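Colleague: I have a structure here, written as structure tokens, and I will follow up with some questions on it.
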Amino acid sequence: MRSLIPRLLRAATLLTAAGLVTTLVIQPAQAQRVVPKIGNICPLGYVDTLNGKCTTFGLAIYTVQPTNGEACPSGWMNVGGRYCRKK
């Protein structure tokens, strides 16, 4: 019975590590949890952290880019705060 417990712990550790690696691989490479604040408001889905940055605390992580004063490109939507978010 004693030899079973270390094996179970080892298996649980490996499964946890595999889950973490899978989560990191699935996330989009350009998604930003923290973006610089442009102007007075943050993009939709982001919260002002009062240090010149906006962050998202939820599970959703968005791929955003500044609008640079122009319309959002095709496949992107305006989310305010002078940002576009990938659809």
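Ordering of the structure tokens sets the chain letters (A, B, ...); residue numbers start at 1 within each chain; ligands are numbered from 1 in the order shown.
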Name the residues in contact with A:Met77 at a cut-off of 7 Å, using only C-alpha atoms, excluding same-chain residues fewer than 6 positions from it; report them as a list in words.

Modeller: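 So the residues in contact are Cys84, Arg85, Lys86 and Lys87 of chain A.
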
Colleague: Keeping only N, CA and C atoms, write those residues as a CSV table (one decimal), in the first residue's frame.

Modeller:
chain,number,residue,atom,x,y,z
A,84,CYS,N,-8.8,48.3,-30.7
A,84,CYS,CA,-9.6,47.4,-31.4
A,84,CYS,C,-9.3,46.0,-30.9
A,85,ARG,N,-10.3,45.1,-30.8
A,85,ARG,CA,-10.1,43.8,-30.3
A,85,ARG,C,-10.4,42.8,-31.5
A,86,LYS,N,-9.6,41.8,-31.6
A,86,LYS,CA,-9.8,40.7,-32.6
A,86,LYS,C,-11.1,40.0,-32.3
A,87,LYS,N,-11.9,39.8,-33.4
A,87,LYS,CA,-13.2,39.1,-33.2
A,87,LYS,C,-13.0,37.6,-33.0

Colleague: Nearest residue to A:Gly69 out of A:Leu50, A:Ile38, A:Thr56, A:Pro43, using only C-alpha atoms?

Modeller: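 Checking each candidate against A:Gly69, we get A:Ile38 as the closest.
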
Colleague: Can you measure atom CA of A:Tyr62 to atom CA of A:Asp48 for me? One decimal in Å is fine.

Modeller: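 So the two atoms, atom CA of A:Tyr62 and atom CA of A:Asp48, lie 15.5 Å apart.
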
Colleague: Pick from A:Cys54, A:Arg10, A:Ser74, A:Pro66: nearest to A:Cys42, with only C-alpha atoms counted?

Modeller: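 The answer is A:Cys54, which sits nearest to A:Cys42.
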
Colleague: Find the residues around A:Arg33 up to 7 Å (only C-alpha atoms counted), leave out those fewer than 2 positions away in its own chain, and share them as a ChimeraX atom specification.

Modeller: /A:31,35,55-56,61

Colleague: Generate a file of the selected residues that holds N, CA and C atoms, formatted as an mmCIF file, in the first residue's frame.

Modeller:
data_model
loop_
_atom_site.group_PDB
_atom_site.id
_atom_site.type_symbol
_atom_site.label_atom_id
_atom_site.label_comp_id
_atom_site.auth_asym_id
_atom_site.auth_seq_id
_atom_site.Cartn_x
_atom_site.Cartn_y
_atom_site.Cartn_z
ATOM 1 N N ALA A 31 -2.341 37.712 -27.099
ATOM 2 C CA ALA A 31 -3.343 38.201 -26.162
ATOM 3 C C ALA A 31 -2.659 38.949 -25.024
ATOM 4 N N VAL A 35 -2.636 46.219 -20.821
ATOM 5 C CA VAL A 35 -2.365 47.096 -21.957
ATOM 6 C C VAL A 35 -2.163 48.512 -21.444
ATOM 7 N N THR A 55 -6.052 46.413 -17.115
ATOM 8 C CA THR A 55 -5.869 44.969 -17.012
ATOM 9 C C THR A 55 -7.212 44.265 -17.019
ATOM 10 N N THR A 56 -7.215 43.011 -17.410
ATOM 11 C CA THR A 56 -8.409 42.187 -17.337
ATOM 12 C C THR A 56 -8.193 41.154 -16.242
ATOM 13 N N ILE A 61 -8.942 36.614 -22.138
ATOM 14 C CA ILE A 61 -7.771 37.425 -22.450
ATOM 15 C C ILE A 61 -7.897 37.801 -23.916
#

Colleague: Mind giving me the straight-line distance from atom CA of A:Gly45 to atom CA of A:Thr67 in Å, one decimal?

Modeller: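 If I compute the distance from atom CA of A:Gly45 to atom CA of A:Thr67, I get 16.5 Å.
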
Colleague: Between atom CA of A:Asn51 and atom CA of A:Lys37, measure the distance and give it in Å to one decimal.

Modeller: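 Interatomic distance here is 8.7 Å.
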
Colleague: Determine which residues of stretch 31-79 of chain A receive a DSSP assignment of strand (DSSP E), computed from the backbone, and state them as an mmCIF file with C-alpha atoms, in the first residue's frame.

Modeller:
data_model
loop_
_atom_site.group_PDB
_atom_site.id
_atom_site.type_symbol
_atom_site.label_atom_id
_atom_site.label_comp_id
_atom_site.auth_asym_id
_atom_site.auth_seq_id
_atom_site.Cartn_x
_atom_site.Cartn_y
_atom_site.Cartn_z
ATOM 1 C CA VAL A 34 -2.304 44.281 -19.382
ATOM 2 C CA VAL A 35 -2.365 47.096 -21.957
ATOM 3 C CA PRO A 36 -1.215 50.726 -21.729
ATOM 4 C CA VAL A 47 -10.190 47.751 -15.680
ATOM 5 C CA ASP A 48 -8.159 50.887 -14.948
ATOM 6 C CA LYS A 53 -2.378 50.670 -17.467
ATOM 7 C CA CYS A 54 -5.535 48.628 -17.963
ATOM 8 C CA THR A 55 -5.869 44.969 -17.012
ATOM 9 C CA VAL A 64 -6.031 44.131 -28.805
ATOM 10 C CA GLN A 65 -4.234 46.791 -30.793
ATOM 11 C CA PRO A 66 -4.347 50.609 -30.726
ATOM 12 C CA TRP A 76 -11.445 43.537 -35.533
ATOM 13 C CA MET A 77 -14.029 45.480 -33.492
ATOM 14 C CA ASN A 78 -13.787 48.789 -31.657
ATOM 15 C CA VAL A 79 -13.843 48.266 -27.878
#
